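The next block is entry-v1.cif, given as mmCIF, C-alpha atoms.
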data_query
#
loop_
_atom_site.label_atom_id
_atom_site.label_comp_id
_atom_site.auth_asym_id
_atom_site.auth_seq_id
_atom_site.Cartn_x
_atom_site.Cartn_y
_atom_site.Cartn_z
CA MET E 1 168.91 237.57 114.30
CA ILE E 2 166.47 239.42 116.52
CA GLY E 3 164.84 236.80 118.73
CA THR E 4 163.73 234.18 116.21
CA MET E 5 163.47 236.72 113.38
CA GLU E 6 165.99 236.55 110.54
CA VAL E 7 167.12 240.01 109.45
CA ILE E 8 167.93 240.77 105.80
CA ASP E 9 169.68 243.94 104.63
CA ALA E 10 168.26 244.28 101.12
CA HIS E 11 170.55 247.00 99.73
CA CYS E 12 174.35 246.60 99.83
CA HIS E 13 177.03 247.47 97.27
CA ILE E 14 180.23 245.44 97.22
CA TYR E 15 183.41 245.89 95.15
CA PRO E 16 186.63 243.96 94.52
CA ASP E 17 189.30 244.90 97.07
CA LYS E 18 191.55 246.60 94.51
CA ILE E 19 188.90 249.09 93.37
CA ALA E 20 186.73 249.45 96.51
CA ALA E 21 188.32 252.70 97.69
CA LYS E 22 188.01 254.26 94.24
CA ALA E 23 184.38 253.13 93.90
CA CYS E 24 183.45 254.55 97.31
CA ALA E 25 185.18 257.83 96.48
CA GLY E 26 183.22 258.09 93.22
CA THR E 27 179.91 257.65 95.02
CA ASP E 28 180.98 260.18 97.66
CA ARG E 29 181.70 262.75 94.93
CA PHE E 30 178.36 262.08 93.26
CA TYR E 31 176.35 262.57 96.46
CA GLY E 32 178.63 264.77 98.56
CA THR E 33 178.87 262.13 101.28
CA THR E 34 181.62 260.25 103.09
CA ALA E 35 181.31 256.47 103.07
CA ALA E 36 181.03 254.92 106.53
CA CYS E 37 182.52 251.58 105.40
CA ASP E 38 185.09 250.31 102.91
CA GLY E 39 182.84 248.57 100.37
CA THR E 40 184.69 245.24 100.45
CA VAL E 41 183.21 241.79 100.94
CA LYS E 42 185.23 241.32 104.13
CA GLY E 43 184.03 244.68 105.39
CA LEU E 44 180.41 243.66 104.94
CA LEU E 45 180.88 240.21 106.44
CA ARG E 46 182.19 241.78 109.63
CA PHE E 47 178.68 242.97 110.32
CA CYS E 48 177.52 239.36 110.56
CA GLY E 49 179.39 239.14 113.84
CA GLU E 50 178.94 242.72 115.00
CA SER E 51 175.25 243.25 114.26
CA ARG E 52 172.00 241.29 114.24
CA ILE E 53 171.83 241.15 110.45
CA ASP E 54 171.84 237.63 109.01
CA ARG E 55 171.84 238.12 105.24
CA PHE E 56 172.69 240.82 102.73
CA LEU E 57 171.43 241.48 99.21
CA VAL E 58 174.61 242.44 97.34
CA HIS E 59 175.02 244.15 93.99
CA SER E 60 176.99 246.76 92.08
CA VAL E 61 176.36 249.11 89.14
CA ALA E 62 178.01 249.04 85.71
CA THR E 63 178.97 252.53 84.56
CA SER E 64 179.72 251.22 81.06
CA PRO E 65 178.47 248.23 79.03
CA THR E 66 181.93 246.63 79.06
CA GLN E 67 181.79 246.23 82.85
CA VAL E 68 178.54 244.26 82.99
CA GLN E 69 179.66 240.66 82.73
CA SER E 70 182.80 241.07 84.88
CA ILE E 71 180.76 242.72 87.65
CA ASN E 72 178.18 239.97 87.49
CA ARG E 73 180.86 237.29 87.74
CA PHE E 74 182.30 239.07 90.78
CA ILE E 75 178.89 239.23 92.48
CA SER E 76 178.19 235.60 91.63
CA ASP E 77 181.54 234.46 93.03
CA ALA E 78 180.97 236.44 96.24
CA VAL E 79 177.56 234.82 96.66
CA LYS E 80 178.91 231.31 96.06
CA GLU E 81 181.65 231.87 98.63
CA ASN E 82 179.13 233.20 101.17
CA ALA E 83 175.97 231.32 100.26
CA ASP E 84 174.63 231.43 103.81
CA ARG E 85 175.04 235.23 103.97
CA PHE E 86 174.66 236.74 100.50
CA ILE E 87 171.84 237.04 97.98
CA GLY E 88 173.05 238.41 94.64
CA PHE E 89 171.57 240.82 92.10
CA GLY E 90 173.38 241.48 88.85
CA THR E 91 173.77 244.64 86.84
CA LEU E 92 172.89 245.52 83.25
CA HIS E 93 173.55 248.58 81.11
CA PRO E 94 170.88 249.87 78.71
CA PHE E 95 173.49 250.86 76.10
CA SER E 96 174.94 247.38 75.83
CA GLU E 97 174.88 245.90 72.32
CA ASP E 98 173.42 242.68 73.71
CA VAL E 99 171.31 243.37 76.79
CA GLU E 100 169.38 240.14 76.34
CA GLY E 101 172.64 238.16 76.25
CA ASP E 102 173.85 239.98 79.34
CA LEU E 103 170.60 239.17 81.12
CA ASN E 104 170.84 235.50 80.19
CA HIS E 105 174.44 235.41 81.43
CA LEU E 106 173.33 237.00 84.72
CA LEU E 107 170.65 234.38 85.19
CA GLU E 108 173.03 231.55 84.30
CA LEU E 109 175.28 232.78 87.10
CA GLY E 110 172.41 232.24 89.53
CA LEU E 111 171.77 235.91 90.32
CA ARG E 112 168.22 236.61 91.43
CA GLY E 113 167.47 240.05 90.04
CA VAL E 114 168.82 243.19 88.40
CA LYS E 115 170.05 246.46 89.92
CA LEU E 116 170.01 249.66 87.85
CA HIS E 117 171.01 253.23 88.70
CA PRO E 118 169.57 255.55 86.03
CA ASP E 119 171.27 258.66 87.45
CA ILE E 120 174.80 257.22 87.49
CA GLN E 121 174.23 255.25 84.27
CA ALA E 122 172.66 258.37 82.69
CA PHE E 123 169.53 256.95 81.09
CA SER E 124 165.87 257.74 81.40
CA LEU E 125 163.49 255.01 82.51
CA VAL E 126 161.01 256.13 79.84
CA ASP E 127 163.49 256.11 76.97
CA PRO E 128 162.10 253.69 74.34
CA SER E 129 165.20 251.50 74.54
CA SER E 130 164.85 251.30 78.32
CA LEU E 131 161.17 250.40 78.09
CA ARG E 132 161.93 247.61 75.62
CA ILE E 133 164.48 246.18 78.05
CA CYS E 134 161.86 246.19 80.81
CA ALA E 135 159.91 243.71 78.72
CA LEU E 136 162.87 241.31 79.05
CA TYR E 137 162.84 241.63 82.85
CA GLU E 138 159.11 241.02 82.97
CA LYS E 139 159.37 237.95 80.72
CA ALA E 140 162.26 236.54 82.78
CA GLY E 141 160.30 237.07 86.00
CA VAL E 142 163.18 238.73 87.84
CA PRO E 143 162.70 241.62 90.27
CA LEU E 144 164.24 244.95 89.30
CA LEU E 145 165.89 247.07 92.00
CA ILE E 146 166.14 250.66 90.79
CA HIS E 147 167.78 253.65 92.38
CA THR E 148 164.90 256.13 92.44
CA GLY E 149 164.80 259.87 92.99
CA ASP E 150 167.18 262.81 92.85
CA TYR E 151 166.30 266.51 92.92
CA ARG E 152 169.22 267.16 90.53
CA TYR E 153 168.10 264.79 87.76
CA SER E 154 164.91 263.48 86.23
CA TYR E 155 166.13 260.05 85.10
CA SER E 156 164.57 258.05 87.95
CA ASN E 157 161.99 260.33 89.51
CA PRO E 158 158.34 259.29 89.94
CA ASP E 159 157.19 260.60 86.56
CA GLN E 160 159.82 258.36 84.94
CA LEU E 161 159.00 255.27 86.99
CA LEU E 162 155.21 255.45 86.80
CA PRO E 163 155.00 254.61 83.06
CA VAL E 164 157.22 251.56 83.61
CA LEU E 165 155.00 250.27 86.40
CA LYS E 166 151.87 250.74 84.29
CA GLU E 167 153.32 249.38 81.04
CA TYR E 168 154.71 246.24 82.71
CA PRO E 169 152.29 245.26 85.48
CA ASP E 170 153.91 241.82 85.92
CA LEU E 171 157.35 243.34 86.50
CA THR E 172 158.21 243.53 90.21
CA VAL E 173 160.10 246.75 90.93
CA ILE E 174 161.85 247.72 94.16
CA GLY E 175 162.21 251.49 94.31
CA ALA E 176 165.28 252.19 96.42
CA HIS E 177 165.33 254.94 99.05
CA LEU E 178 161.58 254.84 99.81
CA GLY E 179 160.78 255.27 96.15
CA GLY E 180 162.53 258.59 95.62
CA TRP E 181 165.71 259.83 97.25
CA SER E 182 165.34 263.56 98.07
CA VAL E 183 161.81 263.61 96.58
CA TRP E 184 160.27 261.34 99.19
CA GLU E 185 156.90 263.06 99.57
CA GLU E 186 156.31 263.23 95.83
CA ALA E 187 157.22 259.56 95.42
CA CYS E 188 154.87 258.44 98.17
CA ASP E 189 152.03 260.68 97.00
CA LYS E 190 152.23 259.41 93.42
CA MET E 191 153.16 255.74 93.79
CA ALA E 192 152.05 254.30 97.14
CA GLY E 193 149.58 251.49 96.52
CA ILE E 194 150.80 250.50 93.06
CA PRO E 195 150.67 246.70 93.24
CA ASN E 196 153.96 245.85 91.48
CA LEU E 197 156.07 248.37 93.42
CA TYR E 198 157.99 247.74 96.64
CA VAL E 199 160.45 250.15 98.26
CA ASP E 200 163.47 249.85 100.50
CA CYS E 201 164.42 252.30 103.24
CA SER E 202 168.11 252.61 102.38
CA SER E 203 169.71 256.09 102.41
CA THR E 204 166.70 257.68 104.05
CA PHE E 205 167.27 257.80 107.81
CA PRO E 206 170.25 260.21 107.64
CA PHE E 207 168.16 262.79 105.78
CA PHE E 208 165.15 263.34 108.05
CA ASP E 209 164.02 262.60 111.58
CA LYS E 210 162.61 259.27 112.69
CA PHE E 211 159.08 260.64 112.91
CA LYS E 212 159.07 261.43 109.18
CA ALA E 213 160.67 258.05 108.45
CA ARG E 214 157.97 256.27 110.42
CA GLU E 215 155.21 258.25 108.70
CA LEU E 216 156.51 257.47 105.21
CA ILE E 217 156.98 253.77 105.91
CA LEU E 218 153.42 253.49 107.19
CA ARG E 219 152.10 255.38 104.18
CA TRP E 220 153.87 252.98 101.83
CA GLY E 221 152.54 250.06 103.88
CA VAL E 222 154.56 247.59 105.92
CA ASP E 223 153.89 244.81 103.39
CA ARG E 224 155.71 246.89 100.73
CA VAL E 225 158.88 248.01 102.52
CA LEU E 226 162.26 246.27 102.82
CA PHE E 227 165.04 247.15 105.24
CA GLY E 228 168.25 248.29 103.51
CA SER E 229 171.40 250.09 104.63
CA ASP E 230 173.10 251.15 101.35
CA TYR E 231 176.42 249.77 102.60
CA PRO E 232 179.14 251.10 102.31
CA MET E 233 177.60 254.57 102.32
CA TRP E 234 176.11 253.90 105.77
CA ASN E 235 176.85 251.50 108.60
CA PRO E 236 174.35 248.59 108.51
CA ALA E 237 174.35 248.12 112.29
CA SER E 238 173.60 251.80 112.89
CA GLU E 239 170.88 251.79 110.23
CA LEU E 240 169.27 248.77 111.90
CA ASP E 241 169.34 250.52 115.27
CA THR E 242 167.65 253.56 113.74
CA PHE E 243 164.98 251.39 112.13
CA LEU E 244 164.23 249.64 115.42
CA SER E 245 163.92 253.02 117.14
CA LEU E 246 160.91 253.81 114.93
CA ASP E 247 158.76 251.57 117.16
CA LEU E 248 156.71 250.15 114.32
CA GLY E 249 155.81 247.05 116.32
CA ASP E 250 156.76 243.38 116.13
CA GLU E 251 154.55 242.46 113.17
CA ALA E 252 155.80 245.36 111.04
CA ASN E 253 159.40 244.62 112.02
CA ARG E 254 159.06 240.96 111.01
CA LYS E 255 157.77 241.95 107.59
CA ILE E 256 160.17 244.79 106.83
CA LEU E 257 163.29 243.17 108.28
CA GLY E 258 162.84 239.76 106.72
CA GLU E 259 159.52 238.36 105.55
CA ASN E 260 158.98 240.75 102.64
CA ALA E 261 162.48 240.10 101.30
CA LYS E 262 162.11 236.34 101.68
CA ARG E 263 158.93 236.45 99.65
CA LEU E 264 160.41 238.60 96.89
CA PHE E 265 163.69 236.70 96.63
CA SER E 266 162.17 233.23 97.08
CA ILE E 267 164.19 232.42 100.20
#
Could you rewrite the structure in this file as structure tokens?
Amino acid sequence: MIGTMEVIDAHCHIYPDKIAAKACAGTDRFYGTTAACDGTVKGLLRFCGESRIDRFLVHSVATSPTQVQSINRFISDAVKENADRFIGFGTLHPFSEDVEGDLNHLLELGLRGVKLHPDIQAFSLVDPSSLRICALYEKAGVPLLIHTGDYRYSYSNPDQLLPVLKEYPDLTVIGAHLGGWSVWEEACDKMAGIPNLYVDCSSTFPFFDKFKARELILRWGVDRVLFGSDYPMWNPASELDTFLSLDLGDEANRKILGENAKRLFSI
């Protein structure tokens, strides 16, 4: 809590204790990073006492179709055990034999949206099978949080996301990492102002100075940006401190740190 303002971290990965170290190591190899935290539920909850963050949007990514329902049960259980702290998004995999069944299961568990990572899951957003699945998200009325951007791949870059946004105008999409990790300028140039697209600021501050971060956030518009840390890759408390150092002003802070997320997640 900052004054009377509730703070929501809208981008956190969590893993079962027995696989958390392995999961963090896999992400580190993929991005050439070193995780700041351990990826466990207990590790994230510690920030409730050590930082000013009140709630966390938690999720994980299925690297194979067989993982989908077990991951979603884990996320659902974590949310139920920490209902005052956690908001849960489930995962899906586009190569599942029953994506619609997996989506219905996710919703039955009480999860509020879907997280996808096209680069790690190795699928293109404009593949016909992926576009058909987007129709299910739109019909269900659930927001879709997508990892976006990577100079090494084309799966989730702006030219892949734009057709989805245009084809499914009633689908609310949150483009992680200011709409395009490592291709930030291109993402903002091509997609800022699209009415069904929001972005979060996770995994951005470590890659450029705060003046560029401030500029990009303002170009996206403070009504369209969510605060996110990308725990366990980065330390949520440190990411919050960096965000506050941008000096965006009280009104912008209220929106980005809490109000936008509350609106999107019906809190």
In Å to one decimal, how far is atom CA of E:Leu145 from atom CA of E:Lys255?
18.3 Å
Explicit residues for the PyMOL selection byres ((chain E and resi 195) around 10) (as a list in words):
Leu165, Lys166, Pro169, Asp170, Thr172, Val173, Met191, Ala192, Gly193, Ile194, Asn196, Leu197, Tyr198 and Arg224 of chain E
Tell me, as a list of chain:residue names, which residues lie within 9 Å of E:His93, counting all atoms listed in the file; anything in the same chain fewer than 4 positions away does not count.
E:Val61, E:Ala62, E:Thr63, E:Ser64, E:Pro65, E:Thr66, E:Gln67, E:Val68, E:Val99, E:Asp102, E:Leu116, E:Gln121
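Compared by their closest atoms to E:Ser60, and using all atoms listed in the file, the residues E:Trp184, E:Tyr155, E:Tyr15, E:Phe30 rank with E:Tyr15 nearest.
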Which neighbours of E:Val79 fall inside 7 Å, counting all atoms listed in the file, when residues of the same chain fewer than 6 positions from it are skipped, and could you give them as a list in words?
Phe86, Ile87 and Gly88 of chain E
